[in-house]
Each structure stands twice: as structure tokens, then as C-alpha cells.
$ cat model-v8.pdb   # PDB, C-alpha atoms
ATOM      1  CA  MET Z  97      23.176-104.247  50.513
ATOM      2  CA  SER Z  98      20.383-105.551  48.280
ATOM      3  CA  ASN Z  99      21.108-106.320  44.651
ATOM      4  CA  LYS Z 100      17.524-106.693  43.456
ATOM      5  CA  LEU Z 101      16.453-105.109  40.201
ATOM      6  CA  ILE Z 102      14.853-101.657  40.345
ATOM      7  CA  SER Z 103      12.761-100.344  37.454
ATOM      8  CA  VAL Z 104      13.123 -96.576  37.170
ATOM      9  CA  VAL Z 105      10.137 -95.279  35.196
ATOM     10  CA  MET Z 106      10.262 -91.857  33.565
ATOM     11  CA  THR Z 107       7.782 -90.424  31.074
ATOM     12  CA  VAL Z 108       8.867 -87.551  28.841
ATOM     13  CA  TYR Z 109       6.794 -84.991  26.981
ATOM     14  CA  ASN Z 110       8.552 -82.013  25.367
ATOM     15  CA  THR Z 111      10.989 -81.584  28.257
ATOM     16  CA  LYS Z 112      13.767 -79.032  27.707
ATOM     17  CA  GLU Z 113      16.952 -80.694  26.487
ATOM     18  CA  SER Z 114      19.133 -79.413  29.343
ATOM     19  CA  TYR Z 115      16.601 -80.469  31.998
ATOM     20  CA  LEU Z 116      16.194 -83.932  30.478
ATOM     21  CA  LYS Z 117      19.958 -84.483  30.383
ATOM     22  CA  GLU Z 118      20.282 -83.595  34.049
ATOM     23  CA  ALA Z 119      17.455 -85.969  34.985
ATOM     24  CA  ILE Z 120      18.828 -88.885  32.959
ATOM     25  CA  GLU Z 121      22.387 -88.441  34.178
ATOM     26  CA  SER Z 122      21.277 -88.232  37.800
ATOM     27  CA  ILE Z 123      19.890 -91.762  37.424
ATOM     28  CA  LEU Z 124      22.767 -93.198  35.387
ATOM     29  CA  ASN Z 125      25.204 -91.946  38.047
ATOM     30  CA  GLN Z 126      23.456 -93.632  40.982
ATOM     31  CA  THR Z 127      25.563 -95.507  43.528
ATOM     32  CA  TYR Z 128      23.123 -98.418  43.154
ATOM     33  CA  ALA Z 129      23.750 -99.897  39.708
ATOM     34  CA  ASN Z 130      21.286-102.784  39.296
ATOM     35  CA  PHE Z 131      18.397-101.016  37.610
ATOM     36  CA  GLU Z 132      16.620-100.764  34.296
ATOM     37  CA  PHE Z 133      15.788 -97.232  33.173
ATOM     38  CA  ILE Z 134      12.451 -97.233  31.337
ATOM     39  CA  ILE Z 135      11.987 -93.966  29.434
ATOM     40  CA  ILE Z 136       8.692 -93.386  27.618
ATOM     41  CA  ASN Z 137       8.565 -90.658  24.978
ATOM     42  CA  ASP Z 138       4.881 -89.745  25.102
ATOM     43  CA  GLY Z 139       4.545 -88.165  21.666
ATOM     44  CA  SER Z 140       7.024 -85.325  22.140
ATOM     45  CA  THR Z 141       7.387 -82.873  19.266
ATOM     46  CA  ASN Z 142      10.827 -81.518  20.200
ATOM     47  CA  ASN Z 143      14.229 -83.243  20.218
ATOM     48  CA  VAL Z 144      13.871 -85.452  23.326
ATOM     49  CA  GLU Z 145      14.393 -88.633  21.290
ATOM     50  CA  GLU Z 146      17.790 -87.401  20.112
ATOM     51  CA  VAL Z 147      18.776 -86.645  23.697
ATOM     52  CA  ILE Z 148      17.677 -90.039  25.010
ATOM     53  CA  LEU Z 149      19.359 -92.020  22.231
ATOM     54  CA  SER Z 150      22.629 -90.157  22.763
ATOM     55  CA  TYR Z 151      23.225 -92.218  25.938
ATOM     56  CA  GLN Z 152      24.916 -95.535  25.269
ATOM     57  CA  ASP Z 153      23.858 -97.392  28.397
ATOM     58  CA  ASP Z 154      22.352-100.878  28.235
ATOM     59  CA  ARG Z 155      20.183-100.137  31.276
ATOM     60  CA  ILE Z 156      18.092 -97.650  29.270
ATOM     61  CA  LYS Z 157      14.955 -99.126  27.678
ATOM     62  CA  TYR Z 158      13.429 -96.571  25.354
ATOM     63  CA  TYR Z 159       9.783 -96.589  24.247
ATOM     64  CA  LYS Z 160       8.181 -94.174  21.820
ATOM     65  CA  GLN Z 161       4.420 -93.765  21.438
ATOM     66  CA  GLU Z 162       1.744 -91.350  20.323
ATOM     67  CA  ASN Z 163       0.685 -88.933  23.023
ATOM     68  CA  LYS Z 164      -1.528 -90.806  25.508
ATOM     69  CA  GLY Z 165      -1.110 -88.626  28.577
ATOM     70  CA  ILE Z 166       1.083 -88.875  31.633
ATOM     71  CA  SER Z 167      -1.097 -91.375  33.542
ATOM     72  CA  ALA Z 168      -1.312 -93.860  30.673
ATOM     73  CA  SER Z 169       2.414 -93.503  30.041
ATOM     74  CA  ARG Z 170       3.321 -94.207  33.654
ATOM     75  CA  ASN Z 171       0.999 -97.231  33.754
ATOM     76  CA  PHE Z 172       2.646 -98.535  30.586
ATOM     77  CA  GLY Z 173       6.068 -98.157  32.184
ATOM     78  CA  ILE Z 174       4.955-100.159  35.222
ATOM     79  CA  LYS Z 175       3.458-102.934  33.077
ATOM     80  CA  VAL Z 176       6.602-103.440  30.961
ATOM     81  CA  SER Z 177       8.929-103.247  33.968
ATOM     82  CA  ASN Z 178      10.854-106.274  35.219
ATOM     83  CA  GLY Z 179      12.000-104.992  38.594
ATOM     84  CA  GLU Z 180      10.686-105.952  42.007
ATOM     85  CA  TYR Z 181      10.714-102.252  42.847
ATOM     86  CA  ILE Z 182       9.417 -99.257  40.888
ATOM     87  CA  ALA Z 183      11.225 -95.927  41.279
ATOM     88  CA  VAL Z 184       9.333 -92.949  39.884
ATOM     89  CA  MET Z 185      11.353 -90.232  38.141
ATOM     90  CA  ASP Z 186      10.261 -86.977  36.514
ATOM     91  CA  SER Z 187      12.052 -85.782  33.407
ATOM     92  CA  ASP Z 188      13.112 -82.401  34.802
ATOM     93  CA  ASP Z 189      14.089 -83.338  38.376
ATOM     94  CA  ILE Z 190      17.492 -84.412  39.709
ATOM     95  CA  ALA Z 191      18.058 -87.393  42.022
ATOM     96  CA  VAL Z 192      20.925 -87.321  44.488
ATOM     97  CA  PRO Z 193      23.484 -90.099  43.781
ATOM     98  CA  GLU Z 194      22.474 -92.249  46.771
ATOM     99  CA  ARG Z 195      18.720 -92.069  46.184
ATOM    100  CA  LEU Z 196      18.125 -95.604  44.856
ATOM    101  CA  GLU Z 197      20.578 -97.195  47.262
ATOM    102  CA  LYS Z 198      19.005 -95.660  50.350
ATOM    103  CA  GLU Z 199      15.431 -96.351  49.283
ATOM    104  CA  ILE Z 200      15.883-100.012  48.359
ATOM    105  CA  ASN Z 201      17.875-100.666  51.520
ATOM    106  CA  PHE Z 202      15.020 -99.215  53.574
ATOM    107  CA  LEU Z 203      12.391-101.366  51.858
ATOM    108  CA  GLU Z 204      14.550-104.484  52.084
ATOM    109  CA  ASN Z 205      14.917-103.984  55.835
ATOM    110  CA  ASN Z 206      11.342-102.834  56.561
ATOM    111  CA  PHE Z 207       8.935-105.252  54.914
ATOM    112  CA  GLU Z 208       5.874-103.746  56.590
ATOM    113  CA  TYR Z 209       6.196-100.720  54.307
ATOM    114  CA  SER Z 210       5.214-100.833  50.627
ATOM    115  CA  LEU Z 211       6.444 -97.380  49.623
ATOM    116  CA  VAL Z 212       9.236 -95.007  50.572
ATOM    117  CA  GLY Z 213       9.756 -91.336  49.711
ATOM    118  CA  SER Z 214      11.931 -88.565  51.101
ATOM    119  CA  TRP Z 215      12.392 -84.885  51.785
ATOM    120  CA  PHE Z 216      13.159 -82.752  48.764
ATOM    121  CA  LYS Z 217      14.740 -79.489  47.758
ATOM    122  CA  VAL Z 218      12.836 -77.102  45.497
ATOM    123  CA  PHE Z 219      15.118 -75.363  43.044
ATOM    124  CA  PRO Z 220      16.056 -72.801  41.871
ATOM    125  CA  ARG Z 221      14.326 -71.345  44.966
ATOM    126  CA  ASN Z 222      16.608 -73.424  47.220
ATOM    127  CA  GLU Z 223      13.719 -74.315  49.524
ATOM    128  CA  ILE Z 224      13.807 -77.523  51.593
ATOM    129  CA  VAL Z 225      10.494 -79.348  52.095
ATOM    130  CA  LYS Z 226      10.365 -81.787  55.004
ATOM    131  CA  THR Z 227       7.738 -84.503  54.638
ATOM    132  CA  ILE Z 228       6.308 -86.379  57.633
ATOM    133  CA  LYS Z 229       7.625 -89.873  58.365
ATOM    134  CA  GLU Z 230       4.499 -92.004  58.117
ATOM    135  CA  PRO Z 231       1.659 -90.197  56.336
ATOM    136  CA  LYS Z 232      -1.817 -91.617  56.901
ATOM    137  CA  LEU Z 233      -5.040 -91.072  54.995
ATOM    138  CA  LEU Z 234      -6.147 -87.932  56.806
ATOM    139  CA  ASP Z 235      -2.668 -86.436  56.514
ATOM    140  CA  PHE Z 236      -3.216 -86.517  52.757
ATOM    141  CA  PHE Z 237      -6.467 -84.608  53.145
ATOM    142  CA  LYS Z 238      -4.517 -81.455  53.911
ATOM    143  CA  ARG Z 239      -1.740 -81.950  51.347
ATOM    144  CA  CYS Z 240       0.158 -84.565  49.377
ATOM    145  CA  TRP Z 241       2.954 -85.781  51.649
ATOM    146  CA  LEU Z 242       4.927 -87.550  48.914
ATOM    147  CA  ILE Z 243       6.976 -85.854  46.241
ATOM    148  CA  HIS Z 244       6.360 -87.927  43.145
ATOM    149  CA  SER Z 245       9.918 -88.258  41.857
ATOM    150  CA  SER Z 246      11.220 -89.373  45.261
ATOM    151  CA  VAL Z 247       8.991 -92.445  45.464
ATOM    152  CA  MET Z 248       9.976 -96.108  45.285
ATOM    153  CA  PHE Z 249       7.406 -98.846  45.855
ATOM    154  CA  ARG Z 250       7.023-102.614  45.780
ATOM    155  CA  LYS Z 251       5.506-103.442  42.401
ATOM    156  CA  LYS Z 252       3.777-106.574  43.686
ATOM    157  CA  ASP Z 253       1.886-104.714  46.420
ATOM    158  CA  PHE Z 254       0.507-102.150  43.989
ATOM    159  CA  VAL Z 255      -0.371-104.617  41.224
ATOM    160  CA  GLU Z 256      -2.084-107.063  43.578
ATOM    161  CA  ASN Z 257      -4.236-104.227  44.945
ATOM    162  CA  ASN Z 258      -4.981-102.921  41.427
ATOM    163  CA  LEU Z 259      -3.333 -99.607  42.248
ATOM    164  CA  PHE Z 260      -2.485 -97.804  39.029
ATOM    165  CA  TYR Z 261      -2.655 -94.194  37.869
ATOM    166  CA  ASN Z 262      -6.134 -92.938  36.947
ATOM    167  CA  GLU Z 263      -5.934 -92.411  33.191
ATOM    168  CA  SER Z 264      -8.866 -89.989  33.197
ATOM    169  CA  LEU Z 265      -6.707 -87.481  35.113
ATOM    170  CA  ASN Z 266      -3.939 -85.248  33.796
ATOM    171  CA  CYS Z 267      -3.255 -83.351  37.030
ATOM    172  CA  ALA Z 268      -2.762 -84.538  40.619
ATOM    173  CA  ILE Z 269      -2.333 -88.112  39.356
ATOM    174  CA  ASP Z 270       0.120 -89.009  42.097
ATOM    175  CA  TYR Z 271      -2.067 -87.461  44.809
ATOM    176  CA  ASP Z 272      -4.997 -89.557  43.623
ATOM    177  CA  LEU Z 273      -2.943 -92.778  43.578
ATOM    178  CA  TRP Z 274      -1.396 -92.259  47.009
ATOM    179  CA  CYS Z 275      -4.793 -91.476  48.582
ATOM    180  CA  ARG Z 276      -6.146 -94.758  47.259
ATOM    181  CA  ALA Z 277      -3.042 -96.738  48.163
ATOM    182  CA  VAL Z 278      -2.602 -95.436  51.725
ATOM    183  CA  THR Z 279      -5.853 -97.099  52.811
ATOM    184  CA  LYS Z 280      -4.256-100.487  52.057
ATOM    185  CA  LEU Z 281      -0.485-100.012  52.311
ATOM    186  CA  LYS Z 282       2.018 -98.358  54.644
ATOM    187  CA  PHE Z 283       4.185 -95.426  53.537
ATOM    188  CA  TYR Z 284       7.395 -93.959  54.912
ATOM    189  CA  ASN Z 285       9.421 -90.836  54.128
ATOM    190  CA  LEU Z 286      13.158 -90.928  54.759
ATOM    191  CA  GLN Z 287      14.056 -87.801  56.692
ATOM    192  CA  GLU Z 288      16.671 -86.560  54.264
ATOM    193  CA  ILE Z 289      16.812 -84.907  50.834
ATOM    194  CA  LEU Z 290      16.996 -87.446  48.001
ATOM    195  CA  ILE Z 291      15.517 -85.411  45.159
ATOM    196  CA  ASN Z 292      15.894 -81.927  43.745
ATOM    197  CA  TYR Z 293      12.489 -80.817  42.513
ATOM    198  CA  ARG Z 294      12.441 -78.242  39.732
ATOM    199  CA  VAL Z 295       9.885 -75.426  39.775
ATOM    200  CA  GLU Z 296      10.208 -72.826  37.066
ATOM    201  CA  GLY Z 297       8.031 -69.878  36.014
ATOM    202  CA  GLN Z 298       4.642 -70.348  34.407
ATOM    203  CA  GLY Z 299       4.788 -74.093  34.033
ATOM    204  CA  ILE Z 300       2.187 -76.756  33.444
ATOM    205  CA  ALA Z 301       1.001 -76.597  37.063
ATOM    206  CA  THR Z 302      -0.015 -72.963  36.577
ATOM    207  CA  LYS Z 303      -1.639 -73.527  33.197
ATOM    208  CA  ARG Z 304      -3.714 -76.381  34.594
ATOM    209  CA  ARG Z 305      -4.435 -74.743  37.921
ATOM    210  CA  ASP Z 306      -8.219 -74.954  37.626
ATOM    211  CA  GLU Z 307      -8.064 -78.631  36.679
ATOM    212  CA  ARG Z 308      -5.655 -79.362  39.524
ATOM    213  CA  ILE Z 309      -7.916 -77.601  42.052
ATOM    214  CA  LYS Z 310     -10.958 -79.493  40.799
ATOM    215  CA  ASN Z 311      -9.170 -82.862  40.995
ATOM    216  CA  THR Z 312      -7.840 -82.083  44.461
ATOM    217  CA  ILE Z 313     -11.324 -81.234  45.763
ATOM    218  CA  ASN Z 314     -12.722 -84.470  44.304
ATOM    219  CA  ILE Z 315      -9.900 -86.512  45.868
ATOM    220  CA  GLN Z 316     -10.466 -84.913  49.273
ATOM    221  CA  GLN Z 317     -14.198 -85.586  49.078
ATOM    222  CA  THR Z 318     -13.449 -89.231  48.274
ATOM    223  CA  ILE Z 319     -11.317 -89.417  51.424
ATOM    224  CA  LEU Z 320     -14.202 -88.074  53.518
ATOM    225  CA  ASP Z 321     -16.717 -90.407  51.877
ATOM    226  CA  SER Z 322     -14.474 -93.410  52.612
ATOM    227  CA  LEU Z 323     -14.576 -92.535  56.327
ATOM    228  CA  THR Z 324     -18.235 -91.713  56.821
ATOM    229  CA  SER Z 325     -21.425 -90.727  55.013
ATOM    230  CA  ASP Z 326     -22.358 -88.408  57.891
ATOM    231  CA  ASN Z 327     -22.057 -84.892  56.454
ATOM    232  CA  GLY Z 328     -21.867 -83.325  59.892
ATOM    233  CA  LEU Z 329     -18.943 -85.527  60.853
ATOM    234  CA  GLN Z 330     -17.258 -84.787  57.536
ATOM    235  CA  GLN Z 331     -17.403 -81.089  58.386
ATOM    236  CA  LYS Z 332     -15.893 -81.774  61.809
ATOM    237  CA  ILE Z 333     -13.062 -83.708  60.160
ATOM    238  CA  VAL Z 334     -12.322 -80.808  57.837
ATOM    239  CA  LYS Z 335     -12.509 -78.277  60.662
ATOM    240  CA  GLY Z 336     -10.269 -80.403  62.861
ATOM    241  CA  ILE Z 337      -7.617 -80.826  60.180
ATOM    242  CA  TYR Z 338      -7.446 -77.206  59.124
ATOM    243  CA  SER Z 339      -7.413 -75.875  62.673
ATOM    244  CA  ASN Z 340      -4.485 -78.185  63.506
ATOM    245  CA  GLN Z 341      -6.520 -80.106  66.077
ATOM    246  CA  LYS Z 342      -5.384 -83.634  66.866
ATOM    247  CA  ILE Z 343      -7.767 -86.478  66.135
ATOM    248  CA  GLY Z 344      -8.130 -87.904  69.611
ATOM    249  CA  LYS Z 345     -10.313 -90.204  71.627
ATOM    250  CA  LYS Z 346     -13.432 -88.064  71.500
ATOM    251  CA  PHE Z 347     -13.227 -87.791  67.724
ATOM    252  CA  SER Z 348     -12.795 -91.548  67.302
ATOM    253  CA  GLU Z 349     -15.752 -92.274  69.574
ATOM    254  CA  GLN Z 350     -17.886 -90.058  67.355
ATOM    255  CA  ILE Z 351     -17.023 -92.288  64.437
ATOM    256  CA  PHE Z 352     -18.093 -95.365  66.413
ATOM    257  CA  SER Z 353     -21.422 -93.737  67.253
ATOM    258  CA  ILE Z 354     -22.475 -93.179  63.632
ATOM    259  CA  LYS Z 355     -25.869 -94.748  63.065
ATOM    260  CA  ASN Z 356     -26.141 -97.542  60.499
ATOM    261  CA  SER Z 357     -22.349 -97.775  60.331
ATOM    262  CA  LEU Z 358     -20.391-100.812  59.228
ATOM    263  CA  GLU Z 359     -19.596-103.798  61.443
ATOM    264  CA  PHE Z 360     -17.037-103.236  64.192
ATOM    265  CA  ASN Z 361     -14.108-104.907  62.434
ATOM    266  CA  LYS Z 362     -14.421-102.520  59.533
ATOM    267  CA  LYS Z 363     -14.825 -99.542  61.875
ATOM    268  CA  PHE Z 364     -11.689-100.637  63.711
ATOM    269  CA  LYS Z 365      -9.830-100.651  60.393
ATOM    270  CA  ILE Z 366     -11.060 -97.112  59.703
ATOM    271  CA  ILE Z 367      -9.700 -95.923  63.032
ATOM    272  CA  THR Z 368      -6.354 -97.540  62.220
ATOM    273  CA  ILE Z 369      -6.255 -95.587  58.966
ATOM    274  CA  LEU Z 370      -6.805 -92.399  60.938
ATOM    275  CA  GLY Z 371      -3.493 -93.032  62.644
ATOM    276  CA  LEU Z 372      -4.601 -92.940  66.277
ATOM    277  CA  GLU Z 373      -2.258 -94.045  69.019
ATOM    278  CA  ILE Z 374      -2.504 -97.741  69.877
ATOM    279  CA  LYS Z 375      -3.493 -97.021  73.524
ATOM    280  CA  VAL Z 376      -6.550 -95.160  72.229
ATOM    281  CA  LEU Z 377      -7.425 -98.100  69.983
ATOM    282  CA  ARG Z 378      -7.217-100.518  72.904
ATOM    283  CA  LYS Z 379      -9.553 -98.408  75.042
ATOM    284  CA  ILE Z 380     -12.088 -98.116  72.242
ATOM    285  CA  TYR Z 381     -11.789-101.806  71.390
ATOM    286  CA  ASN Z 382     -12.389-102.888  74.987
ATOM    287  CA  LYS Z 383     -15.324-100.503  75.313
ATOM    288  CA  GLU Z 384     -16.884-101.851  72.115
ATOM    289  CA  ARG Z 385     -16.483-105.473  73.191
ATOM    290  CA  THR Z 386     -18.412-104.894  76.435
ATOM    291  CA  LYS Z 387     -21.473-103.527  74.636
TER     292      LYS Z 387
END
$ encode --input "model-v8.pdb" --output "C-alpha cells"
Amino acid sequence: MSNKLISVVMTVYNTKESYLKEAIESILNQTYANFEFIIINDGSTNNVEEVILSYQDDRIKYYKQENKGISASRNFGIKVSNGEYIAVMDSDDIAVPERLEKEINFLENNFEYSLVGSWFKVFPRNEIVKTIKEPKLLDFFKRCWLIHSSVMFRKKDFVENNLFYNESLNCAIDYDLWCRAVTKLKFYNLQEILINYRVEGQGIATKRRDERIKNTINIQQTILDSLTSDNGLQQKIVKGIYSNQKIGKKFSEQIFSIKNSLEFNKKFKIITILGLEIKVLRKIYNKERTK
């Protein structure tokens, strides 16, 4: 078992006392003990500070600041962290006791991956959400395949690629970050529940629905633009995804045939991002070399 330091980063803004206690205690009671617990109070106006300071645990590092927004707060937590790994935690969710242990062991034994997440259970609805094992860029076009508070990633990989939260966004901040990161790094979801994700009533997601929809549309358009400037092909991509069609050989050959496209090496990288089977890549590669 690894004994490397994990930095658990949690930002708090006016979270209910009972929810915050459950979230904090779910981290303090982890089977993996070598972590620092960075908690950022982002200008809360309720009694969250009293709750946080009631825990006498040297692993907690408490920061208090004026309200700067969730993206800026999470970036601050990453920058002050000392761990080789960053584990994201939301202030109203509950981690299962083995979460940190299982995630760091996966990353320590699978160095090709920079990030690991998991399945999750939505409560109080008691709904289990199963995420796909290795989400690629186009998988994220249809939905976000990572639950934020289940994620652990290698800090070095994200910092070296300048991958931080977009501080101009207040909604879909994780979706935006993952869609940028997945073009450079490999992700994996453990096929088991490691987080209990709280959904309750008319929460922030409902209040900011219009903003979330707008951000999601912009993120999806950025994905399409990163693949091709051909509007017709963009429409085919969208149609293919939402009709559950597989992206196969014919689709990939269309990408190669785009006029004024980038050099082959870059096109080959694009196809890799799409997640095509290696035998398809070999056929296309050999065909391209003979031209």
C-alpha cells in the first residue's frame, strides 16, 4: 500500500451544519490516514467556521477568505496543497471509508492514468450511477462522466499542463476542467461506489439552471471545435452521439478527408482522442502512409 501524501481539498460556502459534519467526518474516518485536509471557507455567513474548528485533528488545514467563488477557492486549495495527489471533496457529500485507499492504490499501480473517479450513489433517492471505465473526449460531449467529489488526480500532471478551474465560471466548473484535461491525460473510473452524492430539493443547481445550460453548450461547442472546423462534420458528430451510433472506421476516414486539415501526426492524435479501437487506427495509419 502507498503511503504518499494526499491533499483533500474541500471548499465550503454556507453548507448546512449537519451536511458539513457528515462530509468532514467521512474524510477523517478514511482507512488511508496519510492526508492533509484543506478546507476553504469561501466567505460563508452561517456557522460553518464553528463546525470546522470543532474538530481537533492536525490533518485539517483551515483557510478563511472573502467570497471569491467556487472555482477560485478550489484553485487556491490546489496551490497551497503539499500532496502528490489531489482528492476533490464537496462539503455536503459523504465518502465511503475506503475511498482514498482504493483511489491512491489504483494510481500508484497504473501510472498511465492521471485521474481516477468512481461510481456513486445519489441520496436520498438511493439511485446508483455507473460511470464508464475510461471516458474519452467525445464521451464527455453527451454528459460528464466524472462525479466531482469522487475524483483524485496527480497534481503534477495537472499543474504542468496548466489545468486549473476556470474562474469565470460558477457552474459546470468540473465539466469544463475534465473536457480540457481529457485531451491530454487519461482517466479511469473504478467500477464501484466510493461516494454518496447528495441531491436535495431546489438547490443551487436548480437556481442556476440557465447558467449551467449555457456553460454546458459552450463546453460542448469547444469540444466540437477542437476536433474540426467543418460544420457539417460537427453536425454528424452530434447526430452520431445522440443516436447511440458508434464512431467507426467510416467516421474516422471522414475526419482524415477534411480539406485544409492539420498535418497527419496531429490528425492521428485526434483519432486517438476519439477512442477508436487500435486495429482501426492501424488500418487508417497504413492507408495514410501509402498516399
$ resolve_selection --input "model-v8.pdb" --expression "the PyMOL selection byres ((chain Z and resi 259) around 10)" --output "PyMOL selection string"
chain Z and resi 171+251+253-258+260-262+273-274+276-277+280
$ residues_around --input "model-v8.pdb" --residues "Z:Phe237" --least-positions-apart "3" --cutoff "9 Å" --atoms "all atoms listed in the file" --output "list in words"
Leu233, Leu234, Cys240, Cys275, Ile315, Gln316, Gln317, Ile319, Leu320, Val334 and Ile337 of chain Z
$ closest_atom_pairs --input "model-v8.pdb" --of "stretch 226-337 of chain Z" --to "stretch 112-130 of chain Z" --cutoff "12 Å" --atoms "only C-alpha atoms" --output "CSV"
residue,atom,partner,partner_atom,distance
Z:Ser245,CA,Z:Ala119,CA,10.5
Z:Ser246,CA,Z:Ile123,CA,11.9
Z:Leu290,CA,Z:Ser122,CA,11.1
Z:Ile291,CA,Z:Ser122,CA,9.8
Z:Asn292,CA,Z:Ala119,CA,9.8
Z:Tyr293,CA,Z:Ala119,CA,10.4
Z:Arg294,CA,Z:Tyr115,CA,9.1
Z:Val295,CA,Z:Tyr115,CA,11.4
Z:Glu296,CA,Z:Tyr115,CA,11.2
$ closest_residue --input "model-v8.pdb" --among "Z:Leu101, Z:Leu329, Z:Ile166, Z:Leu203" --to "Z:Met248" --atoms "only C-alpha atoms"
Z:Leu203
$ atom_distance --input "model-v8.pdb" --atom1 "atom CA of Z:Asn222" --atom2 "atom CA of Z:Thr111"
21.4 Å
$ closest_residue --input "model-v8.pdb" --among "Z:Ile136, Z:Ser214, Z:Lys226, Z:Gln331" --to "Z:Glu194" --atoms "only C-alpha atoms"
Z:Ser214
$ atom_distance --input "model-v8.pdb" --atom1 "atom CA of Z:Phe207" --atom2 "atom CA of Z:Ser187"
29.2 Å
$ resolve_selection --input "model-v8.pdb" --expression "the PyMOL selection byres ((chain Z and resi 288) around 12)" --output "number ranges by chain"
Z: 192, 194-195, 198-199, 212-217, 224-229, 246, 284-287, 289-292
$ axis_aligned_box --input "model-v8.pdb" --around "stretch 118-130 of chain Z" --padding-each-side "6 Å" --output "JSON"
{"center_x": 21.5, "center_y": -93.2, "center_z": 38.2, "size_x": 20.1, "size_y": 31.2, "size_z": 22.6}
$ closest_residue --input "model-v8.pdb" --among "Z:Arg221, Z:Lys335, Z:Lys252, Z:His244" --to "Z:Asp186" --atoms "all atoms listed in the file"
Z:His244
$ atom_distance --input "model-v8.pdb" --atom1 "atom CA of Z:Leu211" --atom2 "atom CA of Z:Ile102"
13.2 Å
$ residues_near_point --input "model-v8.pdb" --point "(7.0, -98.6, 32.7)" --cutoff "12 Å" --atoms "only C-alpha atoms" --output "ChimeraX atom specification"
/Z:102-108,132-138,156-160,166-179,181-185,251,260-261
$ closest_residue --input "model-v8.pdb" --among "Z:Thr279, Z:Ser150, Z:Thr312, Z:Ser210" --to "Z:Arg239" --atoms "all atoms listed in the file"
Z:Thr312
$ residues_around --input "model-v8.pdb" --residues "Z:Ser98" --least-positions-apart "6" --cutoff "9 Å" --atoms "only C-alpha atoms" --output "PyMOL selection string"
chain Z and resi 197+200-201+204
$ decode --input "model-v8.pdb" --residues "stretch 310-331 of chain Z" --atoms "N, CA and C atoms" --output "mmCIF file, in the first residue's frame"
data_model
loop_
_atom_site.group_PDB
_atom_site.id
_atom_site.type_symbol
_atom_site.label_atom_id
_atom_site.label_comp_id
_atom_site.auth_asym_id
_atom_site.auth_seq_id
_atom_site.Cartn_x
_atom_site.Cartn_y
_atom_site.Cartn_z
ATOM 1 N N LYS Z 310 -26.172 27.100 -20.324
ATOM 2 C CA LYS Z 310 -25.346 27.934 -21.201
ATOM 3 C C LYS Z 310 -23.892 27.467 -21.190
ATOM 4 N N ASN Z 311 -23.341 27.218 -19.990
ATOM 5 C CA ASN Z 311 -21.955 26.770 -19.888
ATOM 6 C C ASN Z 311 -21.759 25.410 -20.551
ATOM 7 N N THR Z 312 -22.736 24.528 -20.373
ATOM 8 C CA THR Z 312 -22.638 23.197 -20.960
ATOM 9 C C THR Z 312 -22.605 23.276 -22.483
ATOM 10 N N ILE Z 313 -23.467 24.105 -23.059
ATOM 11 C CA ILE Z 313 -23.495 24.277 -24.517
ATOM 12 C C ILE Z 313 -22.156 24.815 -25.018
ATOM 13 N N ASN Z 314 -21.599 25.793 -24.313
ATOM 14 C CA ASN Z 314 -20.309 26.366 -24.713
ATOM 15 C C ASN Z 314 -19.191 25.332 -24.636
ATOM 16 N N ILE Z 315 -19.215 24.501 -23.582
ATOM 17 C CA ILE Z 315 -18.200 23.455 -23.426
ATOM 18 C C ILE Z 315 -18.308 22.443 -24.555
ATOM 19 N N GLN Z 316 -19.530 22.036 -24.889
ATOM 20 C CA GLN Z 316 -19.726 21.068 -25.964
ATOM 21 C C GLN Z 316 -19.276 21.630 -27.305
ATOM 22 N N GLN Z 317 -19.533 22.915 -27.538
ATOM 23 C CA GLN Z 317 -19.099 23.521 -28.794
ATOM 24 C C GLN Z 317 -17.572 23.574 -28.870
ATOM 25 N N THR Z 318 -16.925 23.791 -27.726
ATOM 26 C CA THR Z 318 -15.466 23.791 -27.690
ATOM 27 C C THR Z 318 -14.918 22.416 -28.044
ATOM 28 N N ILE Z 319 -15.585 21.360 -27.571
ATOM 29 C CA ILE Z 319 -15.183 20.000 -27.928
ATOM 30 C C ILE Z 319 -15.245 19.814 -29.443
ATOM 31 N N LEU Z 320 -16.354 20.215 -30.048
ATOM 32 C CA LEU Z 320 -16.509 20.074 -31.499
ATOM 33 C C LEU Z 320 -15.462 20.884 -32.248
ATOM 34 N N ASP Z 321 -15.216 22.114 -31.801
ATOM 35 C CA ASP Z 321 -14.242 22.969 -32.473
ATOM 36 C C ASP Z 321 -12.833 22.397 -32.380
ATOM 37 N N SER Z 322 -12.531 21.679 -31.283
ATOM 38 C CA SER Z 322 -11.198 21.091 -31.131
ATOM 39 C C SER Z 322 -10.990 19.920 -32.077
ATOM 40 N N LEU Z 323 -12.073 19.336 -32.569
ATOM 41 C CA LEU Z 323 -11.988 18.194 -33.488
ATOM 42 C C LEU Z 323 -11.937 18.625 -34.938
ATOM 43 N N THR Z 324 -12.768 19.588 -35.293
ATOM 44 C CA THR Z 324 -12.838 20.020 -36.690
ATOM 45 C C THR Z 324 -13.566 21.354 -36.809
ATOM 46 N N SER Z 325 -13.200 22.115 -37.830
ATOM 47 C CA SER Z 325 -13.901 23.376 -38.114
ATOM 48 C C SER Z 325 -15.009 23.166 -39.137
ATOM 49 N N ASP Z 326 -15.150 21.946 -39.626
ATOM 50 C CA ASP Z 326 -16.163 21.612 -40.624
ATOM 51 C C ASP Z 326 -17.531 21.510 -39.939
ATOM 52 N N ASN Z 327 -18.406 22.456 -40.194
ATOM 53 C CA ASN Z 327 -19.708 22.476 -39.527
ATOM 54 C C ASN Z 327 -20.548 21.251 -39.859
ATOM 55 N N GLY Z 328 -20.437 20.790 -41.099
ATOM 56 C CA GLY Z 328 -21.193 19.602 -41.487
ATOM 57 C C GLY Z 328 -20.759 18.381 -40.702
ATOM 58 N N LEU Z 329 -19.448 18.242 -40.515
ATOM 59 C CA LEU Z 329 -18.937 17.109 -39.750
ATOM 60 C C LEU Z 329 -19.302 17.246 -38.271
ATOM 61 N N GLN Z 330 -19.301 18.466 -37.775
ATOM 62 C CA GLN Z 330 -19.736 18.683 -36.393
ATOM 63 C C GLN Z 330 -21.162 18.185 -36.189
ATOM 64 N N GLN Z 331 -22.027 18.466 -37.152
ATOM 65 C CA GLN Z 331 -23.414 18.007 -37.047
ATOM 66 C C GLN Z 331 -23.501 16.486 -37.081
#
